[in-house]
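Accompanying notes for the structure given below.
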4 protein chains.
Amino acid sequence: MWLVMAMIHIQKKAEDIFRKHFGADAQVFFTYGGTGANVIGLQSILHSHQAVICAETAHINVDECGAPEHFTGCKLIPLPTADGKLRVEQMPPLMHSKGFEHHVQPGVISVSQPTEMGAVYTVEELQDLSYFARENDLFFHMDGARIANAAVFLDKPFHEFTADSGVDVLSFGGTKNGMMFGEAVVFFDEKLSEHFKYIRKQGMQLHSKMRFISAQFNALLENDLWQRNALHANRMAKLLEEKVKDIRQIKITQPVQTNAIFAQIPHEYMAPLQKEYFFYIWNAQTDEVRWMTSFDTEEEDVEVFVSVLRRLI
Amino acid sequence: MWLVMAMIHIQKKAEDIFRKHFGADAQVFFTYGGTGANVIGLQSILHSHQAVICAETAHINVDECGAPEHFTGCKLIPLPTADGKLRVEQMPPLMHSKGFEHHVQPGVISVSQPTEMGAVYTVEELQDLSYFARENDLFFHMDGARIANAAVFLDKPFHEFTADSGVDVLSFGGTKNGMMFGEAVVFFDEKLSEHFKYIRKQGMQLHSKMRFISAQFNALLENDLWQRNALHANRMAKLLEEKVKDIRQIKITQPVQTNAIFAQIPHEYMAPLQKEYFFYIWNAQTDEVRWMTSFDTEEEDVEVFVSVLRRLI
Amino acid sequence: MWLVMAMIHIQKKAEDIFRKHFGADAQVFFTYGGTGANVIGLQSILHSHQAVICAETAHINVDECGAPEHFTGCKLIPLPTADGKLRVEQMPPLMHSKGFEHHVQPGVISVSQPTEMGAVYTVEELQDLSYFARENDLFFHMDGARIANAAVFLDKPFHEFTADSGVDVLSFGGTKNGMMFGEAVVFFDEKLSEHFKYIRKQGMQLHSKMRFISAQFNALLENDLWQRNALHANRMAKLLEEKVKDIRQIKITQPVQTNAIFAQIPHEYMAPLQKEYFFYIWNAQTDEVRWMTSFDTEEEDVEVFVSVLRRLI
Amino acid sequence: MWLVMAMIHIQKKAEDIFRKHFGADAQVFFTYGGTGANVIGLQSILHSHQAVICAETAHINVDECGAPEHFTGCKLIPLPTADGKLRVEQMPPLMHSKGFEHHVQPGVISVSQPTEMGAVYTVEELQDLSYFARENDLFFHMDGARIANAAVFLDKPFHEFTADSGVDVLSFGGTKNGMMFGEAVVFFDEKLSEHFKYIRKQGMQLHSKMRFISAQFNALLENDLWQRNALHANRMAKLLEEKVKDIRQIKITQPVQTNAIFAQIPHEYMAPLQKEYFFYIWNAQTDEVRWMTSFDTEEEDVEVFVSVLRRLI
């Protein structure tokens with residue numbers, strides 16, 4: 001029995017640490033992965049005749065192979081943005097369908113913090129969106145797969161741009177900030193998490209050996225490891241920006257706020273560069289690429305990468 | 001037993017009439033309604049990790065309360081259009097996601113004939129789309145809720161702009177052309193309809209007294225009733241266009257090809273007109289409205305409507 | 001506008017008639033078919049991690065091609081019964097899974113009145129089940145596809161064995177009692193129907209020409225047509241029972257309470273009888289068949305059927 | 001790039017090791033967890049109007065919170081068994097519904113090897129079932145969450161009671177045999193796995209850092225670690241059986257073939273025993289419990305447990 005108790009202790013400790021970061025009312029549940037965290041978090045706040053308003057570039061819209069629609073049975077309503085950020089001005093026209101049974105009913109606004117383009121919402125922007133959501137009976141969901149990178153950019157504690165900014169449900173990313181696997185879904189209203197343990201199991205996200213996720217979160221969050229990792233990743237992106245911004249054939253297309261750099265590169269560099277490095281071609285029409293740095297990127301990696309780039313030119 | 005046989009005979013006769021219109025290989029199944037016809041037709045040609053490419057204005061995207069996503073588990077990919085028509089030029093960029101497991105895989109191109117804006121695809125436009133579909137391993141689906149109105153506008157037999165133009169599955173509308181209820185799903189490749197009878201039942205579209213749908217289709221299609229109804233509806237729309245096009249405060253915004261008229265009207269007319277007539281406000285931002293005529297619109301109805309309009313000005 | 005108002009009037013009138021039968025708080029919604037009525041009625045009272053407890057023989061379990069599971073995403077828990085009736089004694093063991101996240105959570109008890117075996121629940125039996133449901137936070141659903149046949153057998157008004165007996169949601173059958181098409185979902189708690197209009201549309205059950213369902217319900221329910229039809233169907237079943245019970249090769253296996261007769265017949269009669277009459281072989285192992293009578297069965301039909309039977313012997 | 005290549009190498013190596021165990025044609029995909037492996041394996045071989053035949057006690061039926069129904073949209077058909085093993089004699093009656101559109105169509109037979117009661121199918125039993133499946137156009141699925149325990153009991157290589165015995169899709173368990181997390185889905189017919197990479201992503205089972213699963217499978221399977229772990233777990237169960245079989249108040253209810261012991265214990269022992277040990281009460285009505293041993297159970301653990309038991313008596 002001591003073993004079971006030790007396991008429970010590890011998990012309890014991890015949950016307590018989350019509550020230190022997010023407030024005493026936060027309800028925390030661990031999942032295997034990020035897609036799972038988003039999908040089952042959304043499932044807990046949606047009826048199937050409702051829709052999720054999100055950016056066209058949102059991970060839930062583009063990178064989850066339709067898992068949100070398939071599992072929740074709900075439609076996503078994707079909106080165009082320049083940097084992955086929803087603007088509150090985009091919302092009012094979508095409210096016209098309210099009450100009309102032929103149309104799905106807006107149920108949730110979902111933002112990614114930082115966005116898939118590397119941009120970070122300010123606290124004010126989040127509050128504007130959450131205020132609109134509350135006024136219109138919508139829930140406010142945040143995909144925080146890279147939330148640590150946003151936190152260190154904003155230089156604010158987690159709760160300030162989540163719980164205190166009106167977020168109802170948060171996906172908190174562990175994997176991209178150094179963990180082997182494991183994410184968390186955090187609720188800021190206990191009522192919303194009422195059925196969540198069942199949804200997690202039905203959503204195939206309940207790890208039977210939960211202690212192996214808990215232990216990682218303990219290591220990441222109890223001291224400042226999460227912060228060091230995120231600061232380092234962001235710094236490496238800045239370093240890369242610094243080093244390529246003078247290469248006139250390369251055009252950086254988004255402000256570098258976290259650990260992503262978006263750049264347009266000459267078409268003829270694409271193939272040779274991809275031969276040596278793995279990265280996404282963000283837009284094949286415009287030859288825009290996305291380069292990511294991470295907790296384990298070393299300065300030398302950046303330098304070698306840039307020297308490869310310079311060699312190509 | 002003669003009663004059961006009589007019932008079967010009525011259904012068989014209706015199916016035969018469909019085959020006269022659509023070719024000897026057409027497989028015909030009746031459903032209760034149009035949303036049902038679209039959704040289960042799509043279900044029969046989709047895997048859940050696939051997506052349906054359609055116009056932003058498509059009925060399946062806007063007016064079915066998310067039924068396609070909920071029942072098929074698939075994503076819709078809505079594309080902007082001026083008149084509800086997909087253009088083949090919009091397709092190639094969507095093929096970039098093919099083979100990449102993070103993205104839903106395009107599986108179907110779905111067009112509405114006529115579109116929800118009243119526009120009719122030409123045979124050439126349909127062939128271009130179906131050719132692209134075939135080349136890219138996609139199926140080609142047509143929502144023909146108002147297909148008779150398109151047929152009489154094109155002045156072509158049904159098969160020419162469906163089976164012969166590469167359509168794989170068609171929703172054939174009965175209700176909007178005069179029936180009390182009842183629609184049909186028509187397959188032009190027997191293999192695609194292999195499981196359809198189960199999908200129809202699971203899709204809650206199998207009428208236990210099928211003869212009451214069959215009998216209506218017999219009446220509609222065995223002679224030219226379908227044609228007279230559709231011609232009349234289209235003619236009434238033309239009449240309405242004729243009568244309002246000189247009112248300079250009213251701007252007709254779409255070519256009138258079938259039985260829909262789109263018009264921008266001064267904002268102050270909206271409320272009084274809606275008090276007397278039921279119609280959709282297509283775009284609340286621009287005060288664009290949609291007026292529909294139908295098989296039972298009378299010339300006098302049009303005249304009275306126009307006189308009400310003129311009175312407002 | 002008068003036309004739209006006339007349509008609305010017809011529907012309003014039908015809803016009012018329902019409220020006369022079921023009480024002033026009843027919320028009524030019409031659907032195309034019976035499978036649709038059951039599935040979307042259940043959808044409105046279920047979360048996807050919950051389960052529906054029903055008889056093994058229930059229409060929702062056996063005859064709807066998996067529509068309940070597919071549309072609601074929920075499991076059915078089928079229980080064995082002798083006559084299609086759930087007994088309250090079967091419920092307590094199923095409550096053990098409550099609170100344990102690996103197991104679906106019981107959410108609804110669903111009964112068929114009459115059952116698929118033709119048996120009718122007494123008011124006491126229904127009250128026992130609904131009391132258990134309420135005590136255990138379950139909803140109580142009734143599939144009343146043939147409810148009129150139960151009402152005339154019980155000789156009680158509808159509300160007495162539905163609303164007054166603790167039913168939360170009811171599928172009220174029209175088709176089997178004489179209508180061309182059309183069923184109703186009746187809620188006895190307004191809160192439960194809050195989202196129902198969206199669920200109906202998403203469930204592909206919203207008829208755009210609702211007046212054609214409303215008008216039929218008006219004809220059926222405003223006077224005693226529903227009653228005459230059901231009494232007649234039940235009487236024809238009794239007549240058939242009367243006439244075959246002396247044939248010693250035929251064994252009637254269920255009490256005849258409504259319009260179904262279950263009988264075991266010698267195996268060698270099966271094929272010749274099926275050649276002349278359409279009926280279900282209920283159990284191929286035991287040569288048990290189900291014969292149904294209906295509102296339009298005539299005495300002569302029964303007599304001819306029996307003479308065919310006697311001829312076989 | 002070397003890092004990406006190293007990652008791919010680890011995964012490739014793990015896949016190769018699987019092919020050594022299962023044959024050169026085996027297609028291997030890793031997932032996060034066991035419920036996920038079962039559900040997405042089934043999704044790849046099912047249409048939504050089909051059903052999965054399984055034992056009433058099957059993990060997919062009882063312990064996955066309805067995930068199979070929710071994700072695949074399919075019904076499960078649970079059959080009663082004494083020991084969790086399906087018998088081929090139970091199958092023919094279920095084939096009567098074939099071709100009848102009101103009924104879900106049997107699509108898959110799913111067995112657990114070993115069963116949830118600890119019993120192991122013989123090769124002959126599996127061949128009988130797979131032969132029946134093939135003759136009736138069904139697929140044959142195996143839930144091998146504890147497959148290593150079955151392999152060492154049978155003393156046969158994996159392929160002999162999977163690929164060679166007609167299994168189409170297998171869930172291969174890693175977690176219960178010592179891994180931190182990670183399971184595999186193995187296909188024995190390449191065509192069946194055609195869309196699987198998309199299904200895995202949509203099923204929220206694609207680990208972005210796949211190397212951490214691959215590396216564990218390499219450690220487990222390339223030498224005999226899997227075998228030592230499973231042998232040990234089984235031996236500990238035998239040891240426990242040995243030690244309790246003489247306690248006359250305890251009745252062992254199932255043959256001990258793998259690492260599970262089922263026993264009936266006096267009701268009054270239940271509470272005190274549960275205070276010191278965590279185990280499932282398998283059947284609260286009959287006071288039957290399930291005790292599991294595992295790769296890390298030590299002889300001393302068994303002895304202390306038995307002494308606690310004896311102390312209670």
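Starting from 1 in every chain, residues are counted up; chains themselves are A, B, ... following the order of the structure tokens, and ligands are numbered from 1 as listed.
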Tyr198 in chain A surroundings by only C-alpha atoms, 7 Å radius, close-in-sequence under 6 positions cut, as a tab-separated table (two decimals) with all heavy atoms, in the first residue's frame:
```tsv
chain	number	residue	atom	x	y	z
C	49	HIS	N	-20.00	10.30	-22.04
C	49	HIS	CA	-19.38	9.28	-21.19
C	49	HIS	C	-20.46	8.52	-20.39
C	49	HIS	O	-20.13	7.76	-19.49
C	49	HIS	CB	-18.38	9.92	-20.23
C	49	HIS	CG	-19.02	10.90	-19.30
C	49	HIS	ND1	-19.30	12.19	-19.66
C	49	HIS	CD2	-19.48	10.77	-18.03
C	49	HIS	CE1	-19.88	12.81	-18.65
C	49	HIS	NE2	-20.00	11.98	-17.65
C	101	GLU	N	-13.88	6.03	-13.09
C	101	GLU	CA	-13.69	6.65	-14.41
C	101	GLU	C	-13.42	5.67	-15.55
C	101	GLU	O	-13.48	6.07	-16.71
C	101	GLU	CB	-12.59	7.69	-14.34
C	101	GLU	CG	-11.17	7.14	-14.23
C	101	GLU	CD	-10.26	8.06	-13.45
C	101	GLU	OE1	-10.28	7.98	-12.19
C	101	GLU	OE2	-9.55	8.86	-14.05
D	65	CYS	N	-14.44	3.31	-20.64
D	65	CYS	CA	-15.40	4.43	-20.51
D	65	CYS	C	-16.10	4.75	-21.84
D	65	CYS	O	-16.33	5.91	-22.16
D	65	CYS	CB	-14.69	5.67	-19.95
D	65	CYS	SG	-15.88	6.82	-19.20
```
Write down, as a PDB file with N, CA and C atoms, in the first residue's frame, each residue of chain C that has any atom within 10 Å of an atom of chain D, counting only C-alpha atoms.
```
ATOM      1  N   SER C  48     -21.496  12.191 -23.376  1.00  0.00           N
ATOM      2  CA  SER C  48     -20.987  11.053 -24.142  1.00  0.00           C
ATOM      3  C   SER C  48     -20.341   9.983 -23.278  1.00  0.00           C
ATOM      4  N   HIS C  49     -20.000  10.305 -22.043  1.00  0.00           N
ATOM      5  CA  HIS C  49     -19.382   9.277 -21.188  1.00  0.00           C
ATOM      6  C   HIS C  49     -20.456   8.523 -20.392  1.00  0.00           C
ATOM      7  N   GLN C  50     -21.712   8.768 -20.735  1.00  0.00           N
ATOM      8  CA  GLN C  50     -22.785   8.090 -20.040  1.00  0.00           C
ATOM      9  C   GLN C  50     -23.373   6.965 -20.891  1.00  0.00           C
ATOM     10  N   ALA C  51     -24.201   6.145 -20.255  1.00  0.00           N
ATOM     11  CA  ALA C  51     -24.771   4.991 -20.933  1.00  0.00           C
ATOM     12  C   ALA C  51     -26.281   4.966 -20.736  1.00  0.00           C
ATOM     13  N   HIS C  59     -35.887  -1.417 -29.278  1.00  0.00           N
ATOM     14  CA  HIS C  59     -35.697  -0.920 -30.645  1.00  0.00           C
ATOM     15  C   HIS C  59     -34.373  -0.168 -30.753  1.00  0.00           C
ATOM     16  N   ASN C  61     -31.730  -0.674 -29.229  1.00  0.00           N
ATOM     17  CA  ASN C  61     -30.591  -1.590 -29.167  1.00  0.00           C
ATOM     18  C   ASN C  61     -30.479  -2.474 -30.400  1.00  0.00           C
ATOM     19  N   VAL C  62     -31.592  -2.838 -30.968  1.00  0.00           N
ATOM     20  CA  VAL C  62     -31.595  -3.875 -32.002  1.00  0.00           C
ATOM     21  C   VAL C  62     -31.912  -3.350 -33.393  1.00  0.00           C
ATOM     22  N   ASP C  63     -32.800  -2.378 -33.492  1.00  0.00           N
ATOM     23  CA  ASP C  63     -33.409  -2.084 -34.795  1.00  0.00           C
ATOM     24  C   ASP C  63     -33.057  -0.720 -35.363  1.00  0.00           C
ATOM     25  N   GLU C  64     -32.031  -0.094 -34.843  1.00  0.00           N
ATOM     26  CA  GLU C  64     -31.723   1.242 -35.357  1.00  0.00           C
ATOM     27  C   GLU C  64     -30.316   1.312 -35.928  1.00  0.00           C
ATOM     28  N   CYS C  65     -29.785   0.171 -36.289  1.00  0.00           N
ATOM     29  CA  CYS C  65     -28.482   0.077 -36.967  1.00  0.00           C
ATOM     30  C   CYS C  65     -27.397   0.886 -36.255  1.00  0.00           C
ATOM     31  N   GLY C  66     -27.474   0.879 -34.929  1.00  0.00           N
ATOM     32  CA  GLY C  66     -26.420   1.554 -34.175  1.00  0.00           C
ATOM     33  C   GLY C  66     -26.524   3.073 -34.174  1.00  0.00           C
ATOM     34  N   ALA C  67     -27.660   3.612 -34.624  1.00  0.00           N
ATOM     35  CA  ALA C  67     -27.801   5.076 -34.666  1.00  0.00           C
ATOM     36  C   ALA C  67     -27.610   5.727 -33.287  1.00  0.00           C
ATOM     37  N   PRO C  68     -28.149   5.135 -32.210  1.00  0.00           N
ATOM     38  CA  PRO C  68     -27.943   5.787 -30.905  1.00  0.00           C
ATOM     39  C   PRO C  68     -26.463   5.913 -30.545  1.00  0.00           C
ATOM     40  N   GLU C  69     -25.715   4.841 -30.701  1.00  0.00           N
ATOM     41  CA  GLU C  69     -24.287   4.907 -30.385  1.00  0.00           C
ATOM     42  C   GLU C  69     -23.581   5.895 -31.313  1.00  0.00           C
ATOM     43  N   HIS C  70     -23.891   5.812 -32.607  1.00  0.00           N
ATOM     44  CA  HIS C  70     -23.160   6.643 -33.551  1.00  0.00           C
ATOM     45  C   HIS C  70     -23.417   8.123 -33.316  1.00  0.00           C
ATOM     46  N   PHE C  71     -24.661   8.488 -33.110  1.00  0.00           N
ATOM     47  CA  PHE C  71     -24.980   9.910 -33.015  1.00  0.00           C
ATOM     48  C   PHE C  71     -24.674  10.488 -31.628  1.00  0.00           C
ATOM     49  N   THR C  72     -25.007   9.735 -30.576  1.00  0.00           N
ATOM     50  CA  THR C  72     -24.774  10.272 -29.229  1.00  0.00           C
ATOM     51  C   THR C  72     -23.356   9.979 -28.735  1.00  0.00           C
ATOM     52  N   GLY C  73     -22.678   8.995 -29.345  1.00  0.00           N
ATOM     53  CA  GLY C  73     -21.358   8.610 -28.859  1.00  0.00           C
ATOM     54  C   GLY C  73     -21.411   7.818 -27.564  1.00  0.00           C
ATOM     55  N   CYS C  74     -22.596   7.402 -27.165  1.00  0.00           N
ATOM     56  CA  CYS C  74     -22.791   6.723 -25.879  1.00  0.00           C
ATOM     57  C   CYS C  74     -22.977   5.219 -26.045  1.00  0.00           C
ATOM     58  N   LYS C  75     -22.675   4.511 -24.986  1.00  0.00           N
ATOM     59  CA  LYS C  75     -22.875   3.075 -24.942  1.00  0.00           C
ATOM     60  C   LYS C  75     -24.301   2.774 -24.511  1.00  0.00           C
ATOM     61  N   LEU C  76     -24.856   1.683 -25.029  1.00  0.00           N
ATOM     62  CA  LEU C  76     -26.089   1.121 -24.493  1.00  0.00           C
ATOM     63  C   LEU C  76     -25.718  -0.069 -23.624  1.00  0.00           C
ATOM     64  N   ILE C  77     -26.437  -0.226 -22.524  1.00  0.00           N
ATOM     65  CA  ILE C  77     -26.251  -1.395 -21.663  1.00  0.00           C
ATOM     66  C   ILE C  77     -27.529  -2.219 -21.746  1.00  0.00           C
ATOM     67  N   PRO C  78     -27.507  -3.293 -22.537  1.00  0.00           N
ATOM     68  CA  PRO C  78     -28.720  -4.093 -22.749  1.00  0.00           C
ATOM     69  C   PRO C  78     -28.901  -5.125 -21.652  1.00  0.00           C
ATOM     70  N   PRO C  93     -27.260  -3.443  -9.336  1.00  0.00           N
ATOM     71  CA  PRO C  93     -25.881  -3.849  -9.644  1.00  0.00           C
ATOM     72  C   PRO C  93     -25.193  -2.916 -10.643  1.00  0.00           C
ATOM     73  N   HIS C  96     -22.909   0.107  -9.390  1.00  0.00           N
ATOM     74  CA  HIS C  96     -21.570  -0.057  -8.815  1.00  0.00           C
ATOM     75  C   HIS C  96     -20.507   0.711  -9.591  1.00  0.00           C
ATOM     76  N   SER C  97     -20.734   0.902 -10.883  1.00  0.00           N
ATOM     77  CA  SER C  97     -19.694   1.564 -11.683  1.00  0.00           C
ATOM     78  C   SER C  97     -19.691   3.070 -11.489  1.00  0.00           C
ATOM     79  N   PHE C 100     -16.475   5.602 -10.987  1.00  0.00           N
ATOM     80  CA  PHE C 100     -15.214   4.962 -11.365  1.00  0.00           C
ATOM     81  C   PHE C 100     -14.946   5.293 -12.836  1.00  0.00           C
ATOM     82  N   GLU C 101     -13.878   6.033 -13.095  1.00  0.00           N
ATOM     83  CA  GLU C 101     -13.693   6.647 -14.405  1.00  0.00           C
ATOM     84  C   GLU C 101     -13.421   5.671 -15.550  1.00  0.00           C
ATOM     85  N   HIS C 102     -13.094   4.415 -15.222  1.00  0.00           N
ATOM     86  CA  HIS C 102     -12.873   3.456 -16.304  1.00  0.00           C
ATOM     87  C   HIS C 102     -14.191   2.983 -16.924  1.00  0.00           C
ATOM     88  N   HIS C 103     -15.271   3.194 -16.210  1.00  0.00           N
ATOM     89  CA  HIS C 103     -16.566   2.684 -16.661  1.00  0.00           C
ATOM     90  C   HIS C 103     -17.447   3.819 -17.156  1.00  0.00           C
ATOM     91  N   VAL C 104     -18.221   3.544 -18.222  1.00  0.00           N
ATOM     92  CA  VAL C 104     -19.249   4.519 -18.596  1.00  0.00           C
ATOM     93  C   VAL C 104     -20.191   4.673 -17.417  1.00  0.00           C
ATOM     94  N   GLN C 105     -20.766   5.839 -17.314  1.00  0.00           N
ATOM     95  CA  GLN C 105     -21.633   6.147 -16.187  1.00  0.00           C
ATOM     96  C   GLN C 105     -23.101   6.035 -16.610  1.00  0.00           C
ATOM     97  N   ASN C 283     -37.203 -15.294 -33.720  1.00  0.00           N
ATOM     98  CA  ASN C 283     -36.114 -16.124 -33.224  1.00  0.00           C
ATOM     99  C   ASN C 283     -35.988 -17.348 -34.122  1.00  0.00           C
ATOM    100  N   ALA C 284     -34.954 -17.334 -34.954  1.00  0.00           N
ATOM    101  CA  ALA C 284     -34.803 -18.403 -35.937  1.00  0.00           C
ATOM    102  C   ALA C 284     -34.491 -19.743 -35.263  1.00  0.00           C
ATOM    103  N   GLN C 285     -33.861 -19.686 -34.091  1.00  0.00           N
ATOM    104  CA  GLN C 285     -33.521 -20.931 -33.384  1.00  0.00           C
ATOM    105  C   GLN C 285     -34.779 -21.649 -32.897  1.00  0.00           C
TER     106      GLN C 285
END
```
Notebook entry, point to check: DSSP says strand (DSSP E) for which residues of range 36-206 of chain B? Put them as JSON, numbers by chain?
Noted result: {"B": [50, 51, 52, 53, 54, 55, 75, 76, 77, 78, 79, 105, 106, 107, 108, 109, 110, 111, 112, 139, 140, 141, 142, 143, 144, 169, 170, 171, 172, 173, 183, 184, 185, 186, 187]}
Check: What's the 9 Å shell around Ile265 in chain A, counting only C-alpha atoms, without same-chain residues fewer than 4 positions away, as a ChimeraX atom specification?
Finding: /A:249-252,269-270,286-289
Output of the above residues as a PDB file, in the first residue's frame, restricted to C-alpha atoms:
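Dumped everything to out.pdb:
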```pdb
ATOM      1  CA  GLN A 249      18.140  37.530 -49.214  1.00  0.00           C
ATOM      2  CA  ILE A 250      16.278  36.470 -46.080  1.00  0.00           C
ATOM      3  CA  LYS A 251      13.241  38.353 -44.858  1.00  0.00           C
ATOM      4  CA  ILE A 252      11.984  37.801 -41.330  1.00  0.00           C
ATOM      5  CA  TYR A 269      17.790  27.526 -50.880  1.00  0.00           C
ATOM      6  CA  MET A 270      14.852  25.451 -49.816  1.00  0.00           C
ATOM      7  CA  THR A 286       5.598  32.346 -50.715  1.00  0.00           C
ATOM      8  CA  ASP A 287       8.608  30.270 -49.628  1.00  0.00           C
ATOM      9  CA  GLU A 288       8.033  31.158 -46.018  1.00  0.00           C
ATOM     10  CA  VAL A 289       9.602  28.817 -43.489  1.00  0.00           C
TER      11      VAL A 289
END
```
Check: If you run DSSP on this backbone, which residues of range 25-226 of chain C come out as alpha helix (DSSP H), and could you give them as a ChimeraX atom specification?
Finding: /C:34-43,59-62,67-72,123-135,147-154,196-202,211-221,225-226
Item checked: Contacts of Arg248 in chain C at 12 Å (only C-alpha atoms; same-chain gap of 2+ positions) as a PyMOL selection string -> chain C and resi 243-246+250-252+263-266+309-310+313
Next item on the list: Excluding Ala14 in chain D and any residue of its chain fewer than 4 positions from it, enumerate the residues within 8 Å of it, using only C-alpha atoms, and give them as a ChimeraX atom specification.
Entry: /D:10,18,214-215,217-218
Output all heavy atoms of each residue in that selection to a file, as a tab-separated table (two decimals), in the first residue's frame.
```tsv
chain	number	residue	atom	x	y	z
D	10	ILE	N	16.21	5.04	-34.12
D	10	ILE	CA	15.68	4.34	-32.94
D	10	ILE	C	14.31	3.73	-33.25
D	10	ILE	O	14.03	2.59	-32.90
D	10	ILE	CB	15.55	5.32	-31.73
D	10	ILE	CG1	16.92	5.80	-31.30
D	10	ILE	CG2	14.83	4.64	-30.56
D	10	ILE	CD1	16.87	6.89	-30.24
D	18	PHE	N	10.10	-5.65	-33.89
D	18	PHE	CA	8.75	-6.19	-33.97
D	18	PHE	C	8.61	-7.16	-35.13
D	18	PHE	O	7.99	-8.20	-35.02
D	18	PHE	CB	7.73	-5.04	-34.11
D	18	PHE	CG	7.14	-4.59	-32.80
D	18	PHE	CD1	7.73	-3.56	-32.08
D	18	PHE	CD2	6.01	-5.21	-32.28
D	18	PHE	CE1	7.21	-3.15	-30.86
D	18	PHE	CE2	5.47	-4.81	-31.07
D	18	PHE	CZ	6.07	-3.78	-30.35
D	214	SER	N	9.96	4.25	-28.67
D	214	SER	CA	10.79	3.30	-29.42
D	214	SER	C	11.90	2.74	-28.54
D	214	SER	O	12.16	1.53	-28.54
D	214	SER	CB	11.41	4.00	-30.64
D	214	SER	OG	10.43	4.66	-31.41
D	215	ALA	N	12.57	3.62	-27.82
D	215	ALA	CA	13.71	3.19	-27.02
D	215	ALA	C	13.29	2.16	-25.97
D	215	ALA	O	14.01	1.19	-25.71
D	215	ALA	CB	14.36	4.40	-26.34
D	217	PHE	N	10.74	0.08	-26.22
D	217	PHE	CA	10.45	-1.20	-26.89
D	217	PHE	C	11.75	-1.91	-27.27
D	217	PHE	O	11.84	-3.14	-27.22
D	217	PHE	CB	9.56	-0.99	-28.12
D	217	PHE	CG	8.08	-1.05	-27.80
D	217	PHE	CD1	7.23	-0.01	-28.13
D	217	PHE	CD2	7.54	-2.16	-27.17
D	217	PHE	CE1	5.86	-0.07	-27.84
D	217	PHE	CE2	6.18	-2.23	-26.87
D	217	PHE	CZ	5.34	-1.18	-27.20
D	218	ASN	N	12.75	-1.12	-27.68
D	218	ASN	CA	14.04	-1.74	-27.98
D	218	ASN	C	14.56	-2.48	-26.76
D	218	ASN	O	14.99	-3.64	-26.86
D	218	ASN	CB	15.04	-0.66	-28.42
D	218	ASN	CG	14.75	-0.17	-29.83
D	218	ASN	OD1	14.08	-0.85	-30.59
D	218	ASN	ND2	15.24	1.01	-30.16
```
